[in-house]
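Have a look at structure-v4.csv; it's CSV, C-alpha atoms:
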```
chain,number,residue,atom,x,y,z
A,1,MET,CA,5.3,-5.6,-39.5
A,2,TYR,CA,5.4,-6.2,-35.8
A,3,LYS,CA,2.6,-8.7,-35.2
A,4,LYS,CA,3.8,-9.6,-31.8
A,5,ALA,CA,4.1,-5.9,-30.9
A,6,ASP,CA,0.5,-5.4,-32.0
A,7,HIS,CA,-0.7,-8.4,-30.0
A,8,TYR,CA,1.1,-7.5,-26.8
A,9,THR,CA,0.3,-3.8,-27.0
A,10,LYS,CA,-3.5,-4.5,-27.5
A,11,LYS,CA,-3.3,-7.1,-24.6
A,12,ALA,CA,-1.7,-4.6,-22.3
A,13,LYS,CA,-4.3,-1.9,-23.1
A,14,ALA,CA,-7.1,-4.4,-22.5
A,15,GLU,CA,-5.7,-5.6,-19.2
A,16,GLY,CA,-5.0,-2.0,-17.9
A,17,TYR,CA,-1.2,-2.0,-18.1
A,18,GLU,CA,0.8,1.0,-19.1
A,19,ALA,CA,3.0,-0.8,-21.7
A,20,ARG,CA,3.5,-4.1,-23.4
A,21,SER,CA,6.8,-4.7,-21.5
A,22,ILE,CA,4.8,-6.1,-18.6
A,23,TYR,CA,4.7,-9.4,-20.4
A,24,LYS,CA,8.4,-9.8,-20.3
A,25,LEU,CA,8.4,-9.6,-16.6
A,26,GLU,CA,5.3,-11.8,-16.4
A,27,GLU,CA,7.1,-14.6,-18.3
A,28,ILE,CA,10.2,-14.3,-16.0
A,29,GLN,CA,7.9,-14.4,-13.0
A,30,LYS,CA,5.9,-17.4,-14.2
A,31,LYS,CA,9.1,-19.4,-14.9
A,32,LEU,CA,11.1,-18.4,-11.7
A,33,LYS,CA,8.5,-17.1,-9.2
A,34,LEU,CA,10.9,-14.6,-7.7
A,35,ILE,CA,8.5,-11.9,-6.7
A,36,LYS,CA,6.4,-12.8,-3.6
A,37,PRO,CA,3.9,-11.3,-1.3
A,38,GLY,CA,5.2,-8.8,1.3
A,39,GLN,CA,8.5,-8.0,-0.6
A,40,LYS,CA,10.0,-4.6,-1.2
A,41,ILE,CA,11.0,-4.3,-4.9
A,42,LEU,CA,13.0,-1.6,-6.6
A,43,ASP,CA,12.1,-0.9,-10.2
A,44,LEU,CA,14.8,0.9,-12.1
A,45,GLY,CA,13.8,2.8,-15.2
A,46,CYS,CA,10.2,2.2,-14.3
A,47,ALA,CA,8.3,4.6,-16.6
A,48,PRO,CA,5.6,4.4,-17.7
A,49,GLY,CA,5.0,1.9,-14.9
A,50,SER,CA,3.9,-1.5,-16.3
A,51,TRP,CA,6.5,-3.5,-14.4
A,52,SER,CA,5.6,-1.7,-11.2
A,53,GLN,CA,2.0,-2.4,-11.8
A,54,TYR,CA,2.6,-6.1,-12.2
A,55,ALA,CA,5.0,-6.3,-9.3
A,56,SER,CA,2.6,-4.3,-7.1
A,57,LYS,CA,-0.1,-7.0,-7.6
A,58,LEU,CA,2.3,-9.7,-6.6
A,59,VAL,CA,3.7,-8.1,-3.4
A,60,GLY,CA,0.3,-7.0,-2.3
A,61,LEU,CA,-0.5,-4.2,0.2
A,62,ALA,CA,1.9,-5.9,2.7
A,63,GLY,CA,4.7,-5.2,0.2
A,64,HIS,CA,6.0,-2.1,-1.4
A,65,ILE,CA,7.3,-1.0,-4.8
A,66,VAL,CA,9.9,1.8,-5.2
A,67,GLY,CA,10.3,3.0,-8.8
A,68,ILE,CA,12.7,5.6,-10.3
A,69,ASP,CA,12.8,7.2,-13.7
A,70,TYR,CA,13.5,10.6,-15.3
A,71,LYS,CA,10.6,10.0,-17.7
A,72,GLN,CA,6.9,10.4,-17.0
A,73,ILE,CA,5.5,7.7,-14.7
A,74,THR,CA,1.8,7.4,-15.5
A,75,ALA,CA,0.9,4.4,-13.2
A,76,THR,CA,-0.7,5.2,-9.8
A,77,LEU,CA,-0.4,2.5,-7.2
A,78,PRO,CA,-1.5,2.2,-3.5
A,79,ASN,CA,1.7,0.5,-2.5
A,80,ALA,CA,4.4,2.3,-4.5
A,81,THR,CA,6.7,5.3,-4.1
A,82,PHE,CA,8.0,6.9,-7.2
A,83,VAL,CA,11.2,9.0,-7.5
A,84,TYR,CA,11.5,11.2,-10.5
A,85,GLY,CA,15.1,11.5,-11.5
A,86,ASN,CA,18.0,9.9,-13.2
A,87,PHE,CA,19.2,6.7,-11.4
A,88,LEU,CA,22.8,7.5,-12.4
A,89,ARG,CA,22.9,10.6,-10.3
A,90,ASP,CA,24.3,10.0,-6.8
A,91,HIS,CA,21.7,12.1,-5.0
A,92,ASN,CA,18.9,10.0,-6.6
A,93,LYS,CA,20.7,6.7,-5.6
A,94,GLU,CA,20.8,8.1,-2.1
A,95,LYS,CA,17.0,8.7,-2.2
A,96,ILE,CA,16.2,5.1,-3.2
A,97,ALA,CA,18.8,3.7,-0.9
A,98,GLU,CA,17.0,5.3,2.0
A,99,LEU,CA,13.9,3.5,1.1
A,100,GLY,CA,15.6,0.1,1.0
A,101,PRO,CA,17.0,-2.5,1.5
A,102,TYR,CA,15.3,-4.5,-1.2
A,103,ASP,CA,14.2,-8.1,-1.6
A,104,GLY,CA,14.5,-7.7,-5.4
A,105,ILE,CA,15.7,-5.2,-8.0
A,106,ILE,CA,14.2,-5.2,-11.4
A,107,SER,CA,15.4,-3.1,-14.3
A,108,ASP,CA,14.1,-2.5,-17.8
A,109,MET,CA,16.4,0.4,-18.2
A,110,ALA,CA,17.8,1.1,-21.7
A,111,PRO,CA,20.1,3.8,-22.9
A,112,ASP,CA,19.0,6.4,-25.4
A,113,THR,CA,20.1,4.7,-28.5
A,114,SER,CA,22.6,6.4,-30.9
A,115,GLY,CA,22.0,4.3,-34.0
A,116,ASP,CA,25.4,2.6,-33.6
A,117,ARG,CA,24.7,-0.9,-32.4
A,118,LEU,CA,28.1,-1.5,-30.8
A,119,THR,CA,28.0,1.8,-28.9
A,120,ASP,CA,24.5,1.1,-27.7
A,121,CYS,CA,25.5,-2.3,-26.4
A,122,TYR,CA,28.3,-1.0,-24.3
A,123,LYS,CA,26.1,1.8,-23.0
A,124,SER,CA,23.5,-0.9,-22.0
A,125,ALA,CA,26.1,-2.9,-20.2
A,126,ASP,CA,27.2,0.1,-18.3
A,127,LEU,CA,23.7,0.8,-17.1
A,128,VAL,CA,23.4,-2.8,-15.8
A,129,ARG,CA,26.8,-2.4,-14.1
A,130,GLU,CA,25.5,0.7,-12.3
A,131,ALA,CA,22.4,-1.2,-11.2
A,132,LEU,CA,24.6,-4.2,-10.0
A,133,ASP,CA,26.8,-1.8,-8.1
A,134,PHE,CA,23.8,-0.5,-6.3
A,135,ALA,CA,22.5,-4.0,-5.7
A,136,PHE,CA,25.7,-5.1,-4.0
A,137,THR,CA,25.0,-2.7,-1.2
A,138,ASP,CA,21.2,-2.4,-1.1
A,139,LEU,CA,19.9,-5.8,-1.9
A,140,LYS,CA,19.1,-8.1,1.0
A,141,LYS,CA,20.9,-11.4,1.3
A,142,GLY,CA,18.9,-14.0,-0.6
A,143,GLY,CA,17.5,-11.3,-2.9
A,144,PHE,CA,17.2,-11.4,-6.7
A,145,PHE,CA,18.2,-9.2,-9.6
A,146,ILE,CA,16.6,-8.9,-13.1
A,147,ALA,CA,18.0,-6.6,-15.7
A,148,LYS,CA,17.7,-6.0,-19.4
A,149,ILE,CA,20.9,-5.8,-21.4
A,150,PHE,CA,21.8,-5.5,-25.1
A,151,GLN,CA,23.7,-8.4,-26.6
A,152,GLY,CA,27.0,-7.5,-28.3
A,153,GLY,CA,28.9,-5.5,-25.7
A,154,ASP,CA,30.1,-6.4,-22.2
A,155,GLU,CA,27.2,-8.7,-21.2
A,156,LYS,CA,29.5,-11.7,-20.6
A,157,LYS,CA,31.7,-9.6,-18.2
A,158,VAL,CA,28.6,-8.4,-16.4
A,159,MET,CA,27.4,-12.0,-16.0
A,160,GLU,CA,30.8,-13.1,-14.7
A,161,LEU,CA,30.5,-10.5,-12.0
A,162,MET,CA,26.9,-11.6,-11.2
A,163,GLU,CA,28.1,-15.2,-10.9
A,164,LYS,CA,30.4,-14.0,-8.1
A,165,ALA,CA,27.5,-12.5,-6.1
A,166,PHE,CA,24.6,-14.8,-6.7
A,167,LEU,CA,24.2,-18.5,-6.1
A,168,LYS,CA,22.3,-18.9,-9.4
A,169,THR,CA,22.3,-16.9,-12.6
A,170,ARG,CA,20.6,-17.3,-16.0
A,171,TRP,CA,19.8,-15.6,-19.3
A,172,LEU,CA,16.3,-15.4,-20.5
A,173,LYS,CA,14.7,-13.8,-23.7
A,174,PRO,CA,11.0,-13.5,-23.2
A,175,ALA,CA,8.5,-14.2,-26.0
A,176,ALA,CA,7.3,-10.6,-25.7
A,177,SER,CA,10.7,-9.3,-26.9
A,178,ARG,CA,10.5,-8.5,-30.6
A,179,ASP,CA,12.2,-11.0,-32.9
A,180,ASN,CA,14.7,-8.5,-34.2
A,181,SER,CA,15.5,-7.1,-30.7
A,182,ILE,CA,19.1,-7.6,-29.3
A,183,GLU,CA,17.8,-7.4,-25.7
A,184,ILE,CA,18.1,-10.2,-23.3
A,185,PHE,CA,17.5,-10.4,-19.5
A,186,MET,CA,20.1,-11.3,-16.9
A,187,ILE,CA,18.8,-12.9,-13.7
A,188,GLY,CA,20.6,-13.4,-10.4
A,189,ILE,CA,19.0,-15.5,-7.8
A,190,ASP,CA,19.9,-15.8,-4.1
A,191,PHE,CA,22.2,-12.8,-3.5
A,192,GLN,CA,25.2,-13.6,-1.2
A,193,SER,CA,27.5,-10.6,-0.9
A,194,LYS,CA,29.4,-8.0,-2.9
A,195,PRO,CA,32.2,-9.9,-4.8
A,196,GLU,CA,35.8,-9.3,-4.3
A,197,LEU,CA,37.1,-7.3,-7.2
A,198,GLU,CA,40.8,-8.1,-7.1
A,199,GLU,CA,41.9,-4.7,-5.9
A,200,LYS,CA,41.0,-2.6,-8.9
A,201,PRO,CA,38.2,-0.2,-9.4
A,202,PHE,CA,34.8,-1.6,-10.3
A,203,GLU,CA,34.7,0.4,-13.5
A,204,GLU,CA,37.9,-1.2,-14.8
A,205,TYR,CA,36.1,-4.6,-15.3
A,206,PHE,CA,34.3,-3.0,-18.3
A,207,ASN,CA,35.3,-1.5,-21.5
A,208,ASP,CA,34.4,2.1,-22.5
A,209,THR,CA,32.2,2.7,-25.5
A,210,PRO,CA,34.2,3.1,-28.7
A,211,GLU,CA,34.1,6.9,-28.3
A,212,GLY,CA,35.4,6.5,-24.8
A,213,GLU,CA,32.6,8.6,-23.3
A,214,MET,CA,29.3,7.9,-21.7
A,215,PRO,CA,26.8,10.5,-23.0
A,216,TRP,CA,24.5,10.3,-20.1
```

Could I get this file's structure written as structure tokens?
Amino acid sequence: MYKKADHYTKKAKAEGYEARSIYKLEEIQKKLKLIKPGQKILDLGCAPGSWSQYASKLVGLAGHIVGIDYKQITATLPNATFVYGNFLRDHNKEKIAELGPYDGIISDMAPDTSGDRLTDCYKSADLVREALDFAFTDLKKGGFFIAKIFQGGDEKKVMELMEKAFLKTRWLKPAASRDNSIEIFMIGIDFQSKPELEEKPFEEYFNDTPEGEMPW
């Protein structure tokens, strides 16, 4: 059924990567060339570690990868520090903030899906919002931001916020994404500063899920 999934899964195994998702980041990198030698990169939701593996090769031993996930991280890298925990918890954000600031933040995070597409889309947007909020304080000026988001929720509002903080923004759906997937990647290039939010809380720029609760 998933011919592309089979192809990319087999390719990842043959090339020594932990997961097929590496080819999503690889396509973004080949098109935009954002990750460079010597950089410090934060990988959010990094398990099992394929994005960290790929970024590790690009930054080299002069650079460093910091990854965080509450799931098992199976990759082992000479130039990486992995934090086991939920990024949404403040004490874990403090841990990775201490290891920054960062030249780039990459995120393949996705919520635990509920089966309800609309709910899952809003949950995905909220994850990206949390990642952006972190980026606004811990991303270096001129840095970049790459994050997966589900289409069908608040992705346009998230992009509007990104446009206030980065000189360039774009959408990209890599070939390695399955045809029936609602995922798309948001990319911010050349970070400037945290945007002004018109004197209302950051969270109020986004809708709640239909249930009004965030289950994580």

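The environment of Tyr122 of chain A within 7 Å, counting all atoms listed in the file and disregarding residues fewer than 4 places along the same chain, consists of Leu118, Asp126, Gly153, Asp154 and Thr209 of chain A.
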
**Prompt:** At most 8 Å from (7.0, -1.0, -7.2), file frame, all atoms listed in the file: which residues, as a VMD selection string?
**Reply:** chain A and resid 40 to 43 51 to 53 55 to 56 64 to 67 79 to 82

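Nearest-residue note for Gly152 of chain A: choosing from A:Gln192, A:Ala175, A:Arg117, A:Asp103, the minimum distance belongs to A:Arg117, counting all atoms listed in the file.
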
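Within 8 Å of Ile35 of chain A, once only C-alpha atoms are used and residues closer than 5 positions along the same chain are dropped, the contacting residues are Gln29, Ala55, Leu58, Val59 and Gly104 of chain A.
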
**Request:** With a distance cut-off of 9 Å and all atoms listed in the file, select the neighbouring residues of Lys140 of chain A, excluding the residue or stretch itself and same-chain residues fewer than 3 positions from it, and output the selection as a count of residues only.
**Result:** 13

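Relative to atom CA of Glu27 of chain A, atom CA of Lys71 of chain A is found at 24.9 Å.
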
**Message:** Can you measure atom CA of Ala62 of chain A to atom CA of Gln39 of chain A for me? One decimal in Å is fine.
**Reply:** 7.7 Å

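The coordinates place atom CA of Phe145 of chain A at 15.5 Å from atom CA of Lys30 of chain A.
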
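Using all atoms listed in the file, the nearest neighbour of Leu88 of chain A within the list A:Tyr17, A:Tyr70, A:Phe150, A:Tyr54 is A:Tyr70.
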
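The shortest atom-to-atom distance to Leu99 of chain A, with all atoms listed in the file taken into account, belongs to A:Asp138 out of A:Asp120, A:Asp138, A:Asp133, A:Asp69.
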
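Here the question is which of A:Lys156, A:Lys123, A:Lys10, A:Lys24 gets nearest to Thr169 of chain A using only C-alpha atoms, and that residue is A:Lys156.
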
(25.1, 3.8, -25.0) in this file's frame - what residues fall within 7 Å of it? Use all atoms listed in the file and give the answer as a short mmCIF file (atom, residue, chain, number, x, y, z; two decimals) with C-alpha atoms, keeping the file's coordinate frame.
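The result, written out as selection_5.cif:
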```cif
data_model
loop_
_atom_site.label_atom_id
_atom_site.label_comp_id
_atom_site.auth_asym_id
_atom_site.auth_seq_id
_atom_site.Cartn_x
_atom_site.Cartn_y
_atom_site.Cartn_z
CA PRO A 111 20.10 3.80 -22.90
CA ASP A 112 19.00 6.40 -25.40
CA THR A 113 20.10 4.70 -28.50
CA SER A 114 22.60 6.40 -30.90
CA THR A 119 28.00 1.80 -28.90
CA ASP A 120 24.50 1.10 -27.70
CA CYS A 121 25.50 -2.30 -26.40
CA TYR A 122 28.30 -1.00 -24.30
CA LYS A 123 26.10 1.80 -23.00
CA SER A 124 23.50 -0.90 -22.00
CA MET A 214 29.30 7.90 -21.70
#
```

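Nearest to Ala147 of chain A of all the residues A:Gly60, A:Gly45, A:Pro195, A:Pro78 is A:Gly45, counting only C-alpha atoms.
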
**Item:** Close residues, Ile184 of chain A itself excluded, 8 Å, only C-alpha atoms, min 5 positions apart in chain, as a list in words
**Value:** Lys148, Ile149, Phe150, Gln151, Trp171, Leu172, Lys173 and Pro174 of chain A
